[in-house]
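Participant: Below is one structure. I have some questions about it.
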Amino acid sequence: MFALRRLIRFAVSMVVLITASFAMIHLIPGDPIRAALGMNAPLELVNQRRAELGLDDPIPMQLLAYVQQILGGDFGTSFMTREPVGQIIADRLPHTLALAGAATIFTLIVAVPLGMWAGIRTENGRNRGTELGFTSGTGALTVVPEFLYSIALIVVFSIALGWLPPAGRDGLDSYILPVLALSIGAIAMVARLARVETLRELGADYVRLARAKRLPVLRIYLRHVLPNTLTSTLTVGGLLLTGLIAGSVLVEFVFAWPGLGGRMVESITQKDYPVAQAIIFVYGAIVLVVNLIVDLLLSKLDPKSTIKET
Amino acid sequence: MRQLLRTPTGVIGLALVAATVILAIVGPPIWGEAAETIDAGAALQGASAEHLLGTDNLGRDILARVLAATRFSLLLAVLATVIGVGLGLLLGVLPSVLPRRAARLVTGAVNALVAFPALLLAMFTAVVSGLGARGAVLGIGMAIAPGFARLTQTLAASVAGADYVAAARLLGVPRWKIATRHVLPNIAEPVILNVTAVLGTGLVAMAGMSFLGLGVQPPEYDWGRLLNEGFGRIYLDPVVALGPAAAIILAGLGFNMVGEALAKSAARTSASAGPVSAAEVAPDDSAPDADAVLEVKDLTVTFPGGVTPVRGISLTLAPGEIVGLVGESGSGKSLSAFAIGGLVPYPGTVTSGRLRLNGTELTELGQAKRRKLLGTSMAMVFQDPMASLNPALTVGGQLAEVATVHQGAKRSAAWARAVDRLKHVRIPDPEKRARQHPHEFSGGMRQRAVIAIGLMGSPKLIIADEPTTALDVTVQRQILKLLREVSADTGAAALFISHDIAVVSELCHRVVVMYAGRIVEELPVSELAGGAAHPYTKALVASLPDLDTDKGEPLAAIPGTQPAPAEAGTGCAFAARCALADQRCGERPPLKEFGKAHTVACWHAGTVEIEVATR
Ligand code: SF4
């Protein structure tokens with residue numbers, strides 16, 4: 001029942017997304033083709049491009065054609081390079097997903113234990129020093145944007161130390177810096193959440209009973225507390241993945257990563273509208289799909305949420 | 001403001017924000033010229049005494065450009081914030097103004113947009129409104145709006161239930177007027193708190209857009225643009241990226257820190273923790289009671305700041321004996337039980353003259369031994385069976401782990417024992433039930449399962465803290481019966497903590513009454529009805545319509561309230577509520593023998609007046 005409702009919501013969001021990405025080109029004030037090709041472009045070329053995008057047809061026709069194209073995986077042709085946009089996406093999307101996926105996993109692996117540790121150490125207000133250091137440290141780390149982490153990492157590890165490649169995607173070690181740049185802020189954020197979550201669970205009655213059973217502390221934390229924080233971890237993980245996919249745009253730009261983000265920035269600056277339009281659509285669709293999957297997983301996995309609903 | 005200066009975060013944040021604002025004002029007049037001065041001969045230099053952060057491709061001084069760019073960077077961030085907050089407020093308040101359907105549509109749209117990464121929204125807007133500062137500001141404003149709308153909605157919803165809004169609605173005040181007159185002013189404070197942090201985020205986001213080449217376009221420049229220009233050169237001159245990067249971080253950090261400090265000072269609850277002063281306990285020389293299951297002497301629980309909720313209680317339990325510990329909430333009865341069980345939460349400290357379980361002094365045992373002893377011979381049952389079991393694990397697993405951890409049992413053996421114990425507490429179909437999660441159990445069954453956990457070892461002592469309070473009457477009876485049987489079967493003593501003297505009189509052999517952290521009377525249950533000597537106990541008993549009916553009035557029937565232990569002073573803690581209190585009661589009465597197995601702490605115990613006064 002929940003799954004059905006959720007699927008309907010997904011379909012509605014998808015329709016809105018398609019409409020929005022379709023409307024994008026029409027919302028551009030003036031003549032987008034002129035703007036893209038420049039004032040001096042010959043009239044035939046402008047007309048040809050306009051026909052290509054079908055901009056001369058009535059709007060409903062255009063929308064219909066657009067939907068048909070998307071369903072067929074056809075996103076048009078780049079204004080600048082004449083490549084099929086579908087091909088660009090197929091080439092670049094895997095690299096973006098690999099980067100964001102690696103960063104998500106890395107973030108969860110580091111942040112959840114870190115947050116748990118901080119939560120355990122600061123339970124009931126003990127170790128005020130740790131608490132202050134942890135909250136202000138993570139607070140500061142979340143403020144610094146990914147592109148500054150990227151630049152700093154390049155300066156230190158590529159230029160000063162010469163340990164890791166500063167750009168491109170070539171072998172496993174080329175992943176290290178981009179993944180780090182993408183993860184540091186996210187780790188700080190997730191660790192904060194994990195700490196709050198852990199503190200909440202530590203105060204729960206079942207932890208008191210587990211203590212009354214005189215279980216070793218490690219068993220209490222890992223076997224009793226950890227599984228109960230997984231729900232929120234999963235929720236955060238989903239949000240994180242979508243957030244990191246967006247954050248990867250800047251990181252890809254800095255590291256000349258052959259993913260979608262760098263290409264999107266390029267296409268926007270060059271007014272290569274078909275490419276920009278398609279990539280923004282793809283990012284949006286990924287966000288919707290990830291959110292859908294997380295919600296469905298949660299409703300399956302979590303016995304607690306079923307209690308809450310009844 | 002003064003609040004802000006109290007925390008280091010606030011001080012640092014405020015300093016950074018002040019520096020940014022001052023630079024924004026004085027930056028362009030002072031360094032504006034130097035920032036624009038083209039010197040082709042000095043192009044693309046690294047750091048030097050003349051140009052601390054080097055020069056750009058036209059030979060302009062980068063440090064001067066960074067300083068002069070403060071105003072433009074801040075201005076753009078402020079604009080984006082104004083757009084985002086304005087739009088967010090509008091979208092957030094709309095649902096409380098619009099008719100229901102339209103309101104739901106707005107809420108739904110905001111929820112959908114919040115799930116979208118802000119950067120994508122900003123990119124979308126930037127494409128539509130064209131490259132440049134205007135597009136980027138609009139884009140970031142759009143990106144800020146959904147989150148702020150959500151915040152406003154939450155805040156507005158919390159105010160919407162308030163009396164004055166309801167009153168205004170009854171008086172027929174138009175909705176938009178309610179929104180602007182009553183709702184907005186009342187959420188202004190948290191909104192403003194959040195604007196500060198949003199400003200920091202906007203500043204960093206704007207820098208990001210310009211860095212990508214999607215924001216400020218040359219010849220104009222902001223920090224992001226400067227970083228973009230320096231980025232290509234970091235291989236040769238890393239220092240050229242330093243200035244703009246530091247400016248972005250420091251300013252962004254400043255606004256965020258102020259925002260955080262503001263939010264904290266708004267939410268601050270005064271929690272001053274004084275030093276822990278653990279009570280001194282004189283070592284006890286008297287011979288320990290060899291037969292007792294539990295022997296407690298001078299047990300005291302102290303919290304920092306001199307709060308002492310349990311003050312020197314002594315208690316002895318014989319095998320198979322069920323003792324009720326009675327008192328109002330705040331009397332220290334539950335904390336006493338936790339202290340005996342070694343579960344007092346930090347920062348509480350427990351001291352005792354003697355704490356022996358089955359002849360072993362617990363305080364002298366090492367951690368591991370103590371854990372094993374308590375894990376196998378002390379069972380604890382808590383008030384809320386709904387929350388006592390771990391929702392993420394199977395019930396059987398939660399039983400079985402006691403055996404695997406403490407007795408080194410194999411998984412299969414532990415599981416078999418778990419099923420057997422579930423059967424013992426009369427859970428039907430235990431094989432199947434063991435594999436289920438707690439949420440599939442009813443309240444009564446969960447409490448049985450908790451008791452079964454205690455039976456996994458060989459309990460000598462069962463501590464049950466209000467185990468039936470959360471259950472309905474029939475289930476309550478079953479659990480009481482089960483506890484009695486378990487105690488009879490295993491010979492375990494039980495300490496039964498309750499505020500309900502009716503339940504205690506039904507189950508227990510002996511009753512211990514606590515008041516304001518101390519034991520005031522201890523007597524056999526048979527004497528409870530006729531032989532209670534302390535005015536408080538008498539009042540408790542008198543508040544029961546009949547000891548044989550199970551639904552007794554709770555203890556609230558005595559006028560007045562129990563003092564916090566710290567406020568009890570030096571006299572009898574009950575004096576304020578006692579009809580017999582006189583001068584002598586200004587001194588605290590000691591716990592004295594009163595009869596056979598009967599002690600009481602009252603100066604007037606057994607006198608004629610007491611019989612008259614409490615009749
Ligand atoms: S000591 Fe005095 S005040 Fe306290 S209970 Fe006895 S009579 Fe009342």
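Residue numbering restarts at 1 in every chain; chains get A, B, ... in the order shown in the structure tokens, and ligands count up from 1 in that same order.
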Give as a ChimeraX atom specification the residues surrounding ligand 1 up to a distance of 7 Å, considering only C-alpha atoms and all ligand atoms.

Facilitator: /B:534-536,572-575,578-582,584-585,588-589,601-605

Participant: Given the selection you just returned, output its residues as a file containing C-alpha atoms, formatted as an mmCIF file, in the first residue's frame.

Facilitator:
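To be explicit, this is the file written out as result19.cif:
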data_model
loop_
_atom_site.group_PDB
_atom_site.id
_atom_site.type_symbol
_atom_site.label_atom_id
_atom_site.label_comp_id
_atom_site.auth_asym_id
_atom_site.auth_seq_id
_atom_site.Cartn_x
_atom_site.Cartn_y
_atom_site.Cartn_z
ATOM 1 C CA HIS B 534 4.955 6.191 60.839
ATOM 2 C CA PRO B 535 2.410 8.894 60.026
ATOM 3 C CA TYR B 536 3.388 8.701 56.356
ATOM 4 C CA CYS B 572 12.151 15.178 59.732
ATOM 5 C CA ALA B 573 11.492 15.421 55.988
ATOM 6 C CA PHE B 574 7.816 14.661 56.518
ATOM 7 C CA ALA B 575 7.304 17.486 59.022
ATOM 8 C CA CYS B 578 2.675 15.832 59.294
ATOM 9 C CA ALA B 579 -0.169 16.679 61.628
ATOM 10 C CA LEU B 580 1.951 15.674 64.613
ATOM 11 C CA ALA B 581 5.024 17.691 63.824
ATOM 12 C CA ASP B 582 6.331 19.550 66.837
ATOM 13 C CA ARG B 584 11.308 17.813 68.379
ATOM 14 C CA CYS B 585 10.727 17.052 64.735
ATOM 15 C CA ARG B 588 15.816 14.169 62.203
ATOM 16 C CA PRO B 589 14.458 11.006 63.836
ATOM 17 C CA ALA B 601 11.909 6.755 61.959
ATOM 18 C CA CYS B 602 9.526 8.994 63.866
ATOM 19 C CA TRP B 603 9.747 10.678 67.246
ATOM 20 C CA HIS B 604 6.117 10.092 67.924
ATOM 21 C CA ALA B 605 5.840 6.525 66.730
#

Participant: Show which residues sit within 12 Å of Ala65 of chain A, as a PyMOL selection string. Count only C-alpha atoms, and ignore same-chain residues fewer than 4 positions away.

Facilitator: chain A and resi 18+22+52-55+57-61+69-72+74-76

Participant: Using only C-alpha atoms, what does the table of chain A residues within 8 Å of chain B look like, with each row giving the shortest atom pair and its distance in Å to one decimal, sorted by chain and ascending number, as a tab-separated table?

Facilitator:
residue	atom	partner	partner_atom	distance
A:Ser13	CA	B:Ala112	CA	7.7
A:Met24	CA	B:Val128	CA	6.2
A:Ile25	CA	B:Val128	CA	7.1
A:Leu27	CA	B:Val128	CA	5.9
A:Ile28	CA	B:Val128	CA	4.7
A:Pro29	CA	B:Ser129	CA	7.3
A:Glu123	CA	B:Tyr346	CA	8.0
A:Asn124	CA	B:Tyr346	CA	6.1
A:Arg126	CA	B:Pro347	CA	7.3
A:Ser136	CA	B:Thr9	CA	7.6
A:Ala140	CA	B:Leu253	CA	6.5
A:Val143	CA	B:Leu253	CA	6.1
A:Val144	CA	B:Ile249	CA	5.9
A:Pro145	CA	B:Val204	CA	6.8
A:Phe147	CA	B:Gly208	CA	7.3
A:Leu148	CA	B:Ala245	CA	6.6
A:Ile151	CA	B:Phe231	CA	7.9
A:Val155	CA	B:Pro238	CA	6.6
A:Ile159	CA	B:Tyr235	CA	6.3
A:Ala204	CA	B:Ala387	CA	7.1
A:Asp205	CA	B:Ser388	CA	4.8
A:Tyr206	CA	B:Ser388	CA	4.1
A:Val207	CA	B:Ser388	CA	7.6
A:Arg208	CA	B:Ser388	CA	7.6
A:Leu209	CA	B:Ser388	CA	6.1
A:Arg211	CA	B:Leu343	CA	7.4
A:Ala212	CA	B:Met380	CA	6.3
A:Lys213	CA	B:Gly375	CA	5.2
A:Arg214	CA	B:Gly375	CA	4.9
A:Leu215	CA	B:Val405	CA	6.9
A:His224	CA	B:Asn390	CA	6.8
A:Pro227	CA	B:Ala392	CA	6.2
A:Asn228	CA	B:Ala392	CA	6.0
A:Leu239	CA	B:Ala115	CA	7.8
A:Thr242	CA	B:Pro117	CA	6.9
A:Gly243	CA	B:Pro117	CA	5.7
A:Ala246	CA	B:Pro117	CA	6.2
A:Gly247	CA	B:Leu119	CA	7.5
A:Leu250	CA	B:Leu212	CA	7.2
A:Phe253	CA	B:Leu212	CA	7.4
A:Val265	CA	B:Leu212	CA	6.9
A:Ile268	CA	B:Val127	CA	6.4
A:Thr269	CA	B:Leu214	CA	6.5
A:Ile280	CA	B:Leu120	CA	7.0
A:Tyr283	CA	B:Leu120	CA	7.7
A:Gly284	CA	B:Phe116	CA	7.5
A:Val287	CA	B:Phe116	CA	6.9
A:Pro303	CA	B:Ala392	CA	7.4
A:Lys304	CA	B:Pro391	CA	6.8
A:Ile307	CA	B:His439	CA	7.1

Participant: Give me a file of those residues, with N, CA and C atoms, as a compact mmCIF listing (two decimals), in the first residue's frame.

Facilitator:
# COMPACT_ATOMS: atom_id res chain seq x y z
N SER A 13 6.25 13.26 -9.63
CA SER A 13 7.49 14.05 -9.62
C SER A 13 8.19 13.96 -10.96
N MET A 24 12.62 24.62 -19.58
CA MET A 24 13.84 25.37 -19.37
C MET A 24 14.22 26.23 -20.57
N ILE A 25 14.22 25.59 -21.72
CA ILE A 25 14.66 26.29 -22.93
C ILE A 25 13.69 27.40 -23.31
N LEU A 27 11.94 29.12 -21.19
CA LEU A 27 11.93 30.20 -20.20
C LEU A 27 13.06 31.19 -20.45
N ILE A 28 14.04 30.77 -21.25
CA ILE A 28 15.17 31.66 -21.51
C ILE A 28 14.65 32.87 -22.28
N PRO A 29 14.86 34.07 -21.73
CA PRO A 29 14.31 35.25 -22.40
C PRO A 29 15.00 35.48 -23.75
N GLU A 123 27.98 10.68 26.39
CA GLU A 123 26.69 10.30 26.95
C GLU A 123 26.48 10.99 28.30
N ASN A 124 25.25 11.46 28.53
CA ASN A 124 24.90 12.12 29.78
C ASN A 124 25.80 13.29 30.11
N ARG A 126 29.04 13.67 29.80
CA ARG A 126 30.42 13.50 30.25
C ARG A 126 31.37 13.94 29.15
N SER A 136 32.26 21.69 17.44
CA SER A 136 32.76 22.86 16.72
C SER A 136 33.66 22.43 15.56
N ALA A 140 32.75 23.40 11.73
CA ALA A 140 33.62 24.15 10.83
C ALA A 140 33.86 23.37 9.54
N VAL A 143 31.24 23.73 6.86
CA VAL A 143 31.10 25.02 6.19
C VAL A 143 31.98 25.12 4.95
N VAL A 144 33.17 24.52 5.01
CA VAL A 144 34.10 24.64 3.89
C VAL A 144 33.54 23.89 2.68
N PRO A 145 33.42 24.56 1.54
CA PRO A 145 32.81 23.91 0.37
C PRO A 145 33.76 22.91 -0.30
N PHE A 147 34.79 22.55 -3.29
CA PHE A 147 35.82 22.98 -4.25
C PHE A 147 37.05 23.49 -3.54
N LEU A 148 36.86 24.02 -2.31
CA LEU A 148 38.05 24.45 -1.58
C LEU A 148 38.83 23.25 -1.04
N ILE A 151 40.85 22.01 -3.98
CA ILE A 151 42.05 22.79 -4.28
C ILE A 151 43.12 22.54 -3.22
N VAL A 155 46.82 21.03 -3.85
CA VAL A 155 48.04 21.77 -3.49
C VAL A 155 48.93 20.91 -2.61
N ILE A 159 50.79 18.78 -5.63
CA ILE A 159 51.84 19.74 -5.98
C ILE A 159 52.99 19.67 -4.99
N ALA A 204 17.63 4.93 25.57
CA ALA A 204 16.44 4.09 25.47
C ALA A 204 16.44 3.01 26.55
N ASP A 205 15.23 2.56 26.90
CA ASP A 205 15.10 1.56 27.96
C ASP A 205 15.79 0.25 27.62
N TYR A 206 15.78 -0.11 26.32
CA TYR A 206 16.36 -1.41 26.00
C TYR A 206 17.86 -1.43 26.26
N VAL A 207 18.50 -0.26 26.20
CA VAL A 207 19.92 -0.20 26.53
C VAL A 207 20.11 -0.44 28.03
N ARG A 208 19.18 0.10 28.82
CA ARG A 208 19.26 -0.12 30.26
C ARG A 208 19.11 -1.61 30.58
N LEU A 209 18.18 -2.26 29.86
CA LEU A 209 18.02 -3.69 30.11
C LEU A 209 19.26 -4.45 29.66
N ARG A 211 22.19 -3.34 29.70
CA ARG A 211 23.19 -3.12 30.75
C ARG A 211 22.88 -3.98 31.96
N ALA A 212 21.59 -4.10 32.25
CA ALA A 212 21.20 -4.94 33.39
C ALA A 212 21.56 -6.39 33.13
N LYS A 213 21.63 -6.77 31.86
CA LYS A 213 22.03 -8.14 31.52
C LYS A 213 23.54 -8.29 31.63
N ARG A 214 24.23 -7.20 31.92
CA ARG A 214 25.69 -7.19 32.09
C ARG A 214 26.38 -7.66 30.83
N LEU A 215 25.88 -7.21 29.70
CA LEU A 215 26.58 -7.54 28.46
C LEU A 215 27.83 -6.69 28.40
N HIS A 224 23.38 -3.94 20.01
CA HIS A 224 22.09 -3.39 20.41
C HIS A 224 21.84 -1.99 19.88
N PRO A 227 22.26 -1.45 15.31
CA PRO A 227 21.16 -1.77 14.39
C PRO A 227 20.01 -0.76 14.48
N ASN A 228 19.84 -0.18 15.66
CA ASN A 228 18.74 0.77 15.80
C ASN A 228 19.04 2.13 15.20
N LEU A 239 19.96 10.54 1.25
CA LEU A 239 20.10 11.99 1.07
C LEU A 239 21.53 12.34 0.69
N THR A 242 22.40 11.65 -2.98
CA THR A 242 21.91 12.69 -3.89
C THR A 242 22.68 13.99 -3.68
N GLY A 243 22.97 14.31 -2.42
CA GLY A 243 23.73 15.52 -2.15
C GLY A 243 25.13 15.45 -2.75
N ALA A 246 25.26 16.01 -6.44
CA ALA A 246 25.28 17.44 -6.77
C ALA A 246 26.64 18.05 -6.45
N GLY A 247 27.18 17.71 -5.28
CA GLY A 247 28.47 18.26 -4.89
C GLY A 247 29.57 17.86 -5.85
N LEU A 250 31.14 20.34 -8.64
CA LEU A 250 32.29 21.20 -8.39
C LEU A 250 33.59 20.40 -8.35
N PHE A 253 34.71 19.42 -11.71
CA PHE A 253 35.26 20.58 -12.41
C PHE A 253 36.72 20.79 -12.01
N VAL A 265 28.81 22.05 -16.52
CA VAL A 265 29.32 23.41 -16.34
C VAL A 265 29.74 23.97 -17.70
N ILE A 268 26.82 24.87 -19.85
CA ILE A 268 26.11 26.09 -19.43
C ILE A 268 26.89 27.31 -19.86
N THR A 269 28.20 27.30 -19.64
CA THR A 269 28.98 28.48 -20.03
C THR A 269 28.96 28.67 -21.53
N ILE A 280 20.89 18.24 -16.68
CA ILE A 280 20.10 18.63 -15.51
C ILE A 280 18.95 17.65 -15.30
N TYR A 283 20.37 14.44 -13.75
CA TYR A 283 20.63 14.62 -12.31
C TYR A 283 19.32 14.56 -11.53
N GLY A 284 18.32 15.27 -12.01
CA GLY A 284 17.03 15.27 -11.32
C GLY A 284 16.44 13.88 -11.23
N VAL A 287 18.12 11.80 -8.59
CA VAL A 287 17.66 12.15 -7.25
C VAL A 287 16.32 11.48 -6.95
N PRO A 303 11.11 -2.56 11.18
CA PRO A 303 9.91 -2.96 11.93
C PRO A 303 9.37 -1.81 12.76
N LYS A 304 10.25 -0.89 13.14
CA LYS A 304 9.82 0.23 13.98
C LYS A 304 8.85 1.12 13.24
N ILE A 307 5.40 0.03 13.30
CA ILE A 307 4.71 0.31 14.55
C ILE A 307 4.20 1.74 14.55

Participant: Name the residues of segment 315-384 of chain B that come out as helix (DSSP H, G or I) in a backbone DSSP run; write them as a PyMOL selection string.

Facilitator: chain B and resi 333-341+362-364+367-377

Participant: Go ahead and dump the residues you just picked, N, CA, C and O atoms, as a JSON list (two decimals), in the first residue's frame.

Facilitator:
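Writing done, so here's again-v2.json:
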[["chain", "number", "residue", "atom", "x", "y", "z"],
["B", 333, "LYS", "N", 13.32, 5.66, 45.41],
["B", 333, "LYS", "CA", 13.21, 4.21, 45.43],
["B", 333, "LYS", "C", 13.79, 3.56, 44.18],
["B", 333, "LYS", "O", 14.52, 2.57, 44.27],
["B", 334, "SER", "N", 13.50, 4.13, 43.00],
["B", 334, "SER", "CA", 14.03, 3.54, 41.77],
["B", 334, "SER", "C", 15.54, 3.68, 41.71],
["B", 334, "SER", "O", 16.25, 2.76, 41.32],
["B", 335, "LEU", "N", 16.02, 4.83, 42.13],
["B", 335, "LEU", "CA", 17.46, 5.06, 42.09],
["B", 335, "LEU", "C", 18.19, 4.12, 43.05],
["B", 335, "LEU", "O", 19.29, 3.66, 42.76],
["B", 336, "SER", "N", 17.54, 3.81, 44.17],
["B", 336, "SER", "CA", 18.13, 2.84, 45.09],
["B", 336, "SER", "C", 18.29, 1.50, 44.39],
["B", 336, "SER", "O", 19.32, 0.84, 44.50],
["B", 337, "ALA", "N", 17.23, 1.13, 43.64],
["B", 337, "ALA", "CA", 17.29, -0.15, 42.93],
["B", 337, "ALA", "C", 18.40, -0.14, 41.89],
["B", 337, "ALA", "O", 19.15, -1.09, 41.75],
["B", 338, "PHE", "N", 18.50, 0.99, 41.17],
["B", 338, "PHE", "CA", 19.57, 1.09, 40.17],
["B", 338, "PHE", "C", 20.94, 1.00, 40.83],
["B", 338, "PHE", "O", 21.87, 0.40, 40.30],
["B", 339, "ALA", "N", 21.05, 1.64, 41.99],
["B", 339, "ALA", "CA", 22.33, 1.65, 42.68],
["B", 339, "ALA", "C", 22.72, 0.23, 43.08],
["B", 339, "ALA", "O", 23.87, -0.19, 42.93],
["B", 340, "ILE", "N", 21.74, -0.53, 43.58],
["B", 340, "ILE", "CA", 22.02, -1.92, 43.94],
["B", 340, "ILE", "C", 22.43, -2.70, 42.70],
["B", 340, "ILE", "O", 23.35, -3.51, 42.70],
["B", 341, "GLY", "N", 21.75, -2.41, 41.58],
["B", 341, "GLY", "CA", 22.06, -3.10, 40.32],
["B", 341, "GLY", "C", 23.28, -2.54, 39.61],
["B", 341, "GLY", "O", 23.67, -3.04, 38.57],
["B", 362, "LEU", "N", 30.18, -6.75, 46.36],
["B", 362, "LEU", "CA", 30.26, -6.40, 44.95],
["B", 362, "LEU", "C", 31.33, -5.36, 44.66],
["B", 362, "LEU", "O", 31.99, -5.39, 43.62],
["B", 363, "THR", "N", 31.51, -4.41, 45.58],
["B", 363, "THR", "CA", 32.46, -3.34, 45.30],
["B", 363, "THR", "C", 33.90, -3.83, 45.28],
["B", 363, "THR", "O", 34.79, -3.14, 44.80],
["B", 364, "GLU", "N", 34.12, -5.03, 45.83],
["B", 364, "GLU", "CA", 35.49, -5.54, 45.85],
["B", 364, "GLU", "C", 35.81, -6.39, 44.62],
["B", 364, "GLU", "O", 36.96, -6.78, 44.43],
["B", 367, "GLN", "N", 35.91, -5.85, 37.50],
["B", 367, "GLN", "CA", 34.89, -5.62, 36.48],
["B", 367, "GLN", "C", 34.32, -6.91, 35.89],
["B", 367, "GLN", "O", 33.11, -7.11, 35.87],
["B", 368, "ALA", "N", 35.21, -7.76, 35.40],
["B", 368, "ALA", "CA", 34.77, -8.95, 34.68],
["B", 368, "ALA", "C", 33.99, -9.90, 35.58],
["B", 368, "ALA", "O", 32.91, -10.38, 35.23],
["B", 369, "LYS", "N", 34.52, -10.12, 36.77],
["B", 369, "LYS", "CA", 33.87, -11.04, 37.70],
["B", 369, "LYS", "C", 32.52, -10.51, 38.13],
["B", 369, "LYS", "O", 31.54, -11.24, 38.23],
["B", 370, "ARG", "N", 32.52, -9.21, 38.39],
["B", 370, "ARG", "CA", 31.30, -8.57, 38.84],
["B", 370, "ARG", "C", 30.22, -8.67, 37.77],
["B", 370, "ARG", "O", 29.07, -8.98, 38.03],
["B", 371, "ARG", "N", 30.65, -8.45, 36.50],
["B", 371, "ARG", "CA", 29.70, -8.52, 35.41],
["B", 371, "ARG", "C", 29.12, -9.92, 35.31],
["B", 371, "ARG", "O", 27.93, -10.11, 35.15],
["B", 372, "LYS", "N", 29.98, -10.90, 35.45],
["B", 372, "LYS", "CA", 29.52, -12.27, 35.31],
["B", 372, "LYS", "C", 28.57, -12.64, 36.45],
["B", 372, "LYS", "O", 27.51, -13.23, 36.23],
["B", 373, "LEU", "N", 28.95, -12.25, 37.67],
["B", 373, "LEU", "CA", 28.11, -12.57, 38.82],
["B", 373, "LEU", "C", 26.74, -11.93, 38.68],
["B", 373, "LEU", "O", 25.71, -12.58, 38.81],
["B", 374, "LEU", "N", 26.74, -10.62, 38.40],
["B", 374, "LEU", "CA", 25.46, -9.93, 38.29],
["B", 374, "LEU", "C", 24.66, -10.44, 37.10],
["B", 374, "LEU", "O", 23.44, -10.57, 37.15],
["B", 375, "GLY", "N", 25.37, -10.75, 36.01],
["B", 375, "GLY", "CA", 24.71, -11.21, 34.80],
["B", 375, "GLY", "C", 23.99, -12.53, 34.99],
["B", 375, "GLY", "O", 22.99, -12.80, 34.34],
["B", 376, "THR", "N", 24.49, -13.35, 35.88],
["B", 376, "THR", "CA", 23.85, -14.66, 36.05],
["B", 376, "THR", "C", 22.98, -14.73, 37.29],
["B", 376, "THR", "O", 22.08, -15.56, 37.36],
["B", 377, "SER", "N", 23.24, -13.88, 38.30],
["B", 377, "SER", "CA", 22.46, -14.08, 39.53],
["B", 377, "SER", "C", 21.58, -12.90, 39.90],
["B", 377, "SER", "O", 20.87, -12.96, 40.88]]

Participant: Enter the distance from atom CA of Leu132 of chain A to atom CA of Leu16 of chain B, in Å, rounded to one decimal.

Facilitator: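 Computed distance, atom CA of Leu132 of chain A to atom CA of Leu16 of chain B, equals 19.6 Å.
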
Participant: So which residues touch Lys481 of chain B within 12 Å, counting only C-alpha atoms, skipping near sequence neighbours fewer than 2 positions away, as a list in words?

Facilitator: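 My reading of the contact set: Val425, Arg426, Arg448, Thr468, Thr474, Val475, Gln476, Arg477, Gln478, Ile479, Leu483, Arg484, Glu485, Val486, Ser487, Ala488, Val503, Glu506, Leu507 and Cys508 of chain B.
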
Participant: Write out as a ChimeraX atom specification which residues come within 12 Å of Pro165 of chain A when counting only C-alpha atoms, dropping same-chain ones fewer than 5 positions away.

Facilitator: /A:153-160,170-178,255-257

Participant: Rounded to one decimal, what separation in Å do you get between atom CA of Glu321 of chain B and atom CA of Ala494 of chain B?

Facilitator: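 Value for the atom CA of Glu321 of chain B-atom CA of Ala494 of chain B distance: 6.3 Å.
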
Participant: Within 6 Å of segment 91-106 of chain B, counting only C-alpha atoms, which residues qualify if same-chain residues fewer than 4 places away don't, as JSON, numbers by chain?

Facilitator: {"B": [149, 152, 153, 175, 176]}

Participant: Would you output that residue set with N, CA and C atoms, as a PDB file, in the first residue's frame?

Facilitator:
ATOM      1  N   ALA B 149      11.436  27.653   3.412  1.00  0.00           N
ATOM      2  CA  ALA B 149       9.981  27.503   3.435  1.00  0.00           C
ATOM      3  C   ALA B 149       9.590  26.389   4.406  1.00  0.00           C
ATOM      4  N   THR B 152       9.933  27.642   7.906  1.00  0.00           N
ATOM      5  CA  THR B 152       8.838  28.546   8.242  1.00  0.00           C
ATOM      6  C   THR B 152       7.548  27.781   8.501  1.00  0.00           C
ATOM      7  N   GLN B 153       7.295  26.786   7.656  1.00  0.00           N
ATOM      8  CA  GLN B 153       6.080  25.980   7.844  1.00  0.00           C
ATOM      9  C   GLN B 153       6.062  25.323   9.213  1.00  0.00           C
ATOM     10  N   ARG B 175      -7.616  35.509   7.145  1.00  0.00           N
ATOM     11  CA  ARG B 175      -6.445  34.639   7.275  1.00  0.00           C
ATOM     12  C   ARG B 175      -5.123  35.346   7.039  1.00  0.00           C
ATOM     13  N   TRP B 176      -5.087  36.172   5.994  1.00  0.00           N
ATOM     14  CA  TRP B 176      -3.806  36.803   5.700  1.00  0.00           C
ATOM     15  C   TRP B 176      -3.402  37.742   6.813  1.00  0.00           C
TER      16      TRP B 176
END

Participant: For atom CA of Ser21 of chain A and atom CA of Ala278 of chain A, determine how far apart the two atoms are, in Å to one decimal place.

Facilitator: 7.7 Å

Participant: Go through A:Leu288, A:Leu161, A:Ala100, A:Leu298 one by one, measure the shortest atom-to-atom distance of each to Leu7 of chain A using only C-alpha atoms, and give the residue with the smallest value.

Facilitator: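 Closest to Leu7 of chain A, using only C-alpha atoms: A:Leu288.
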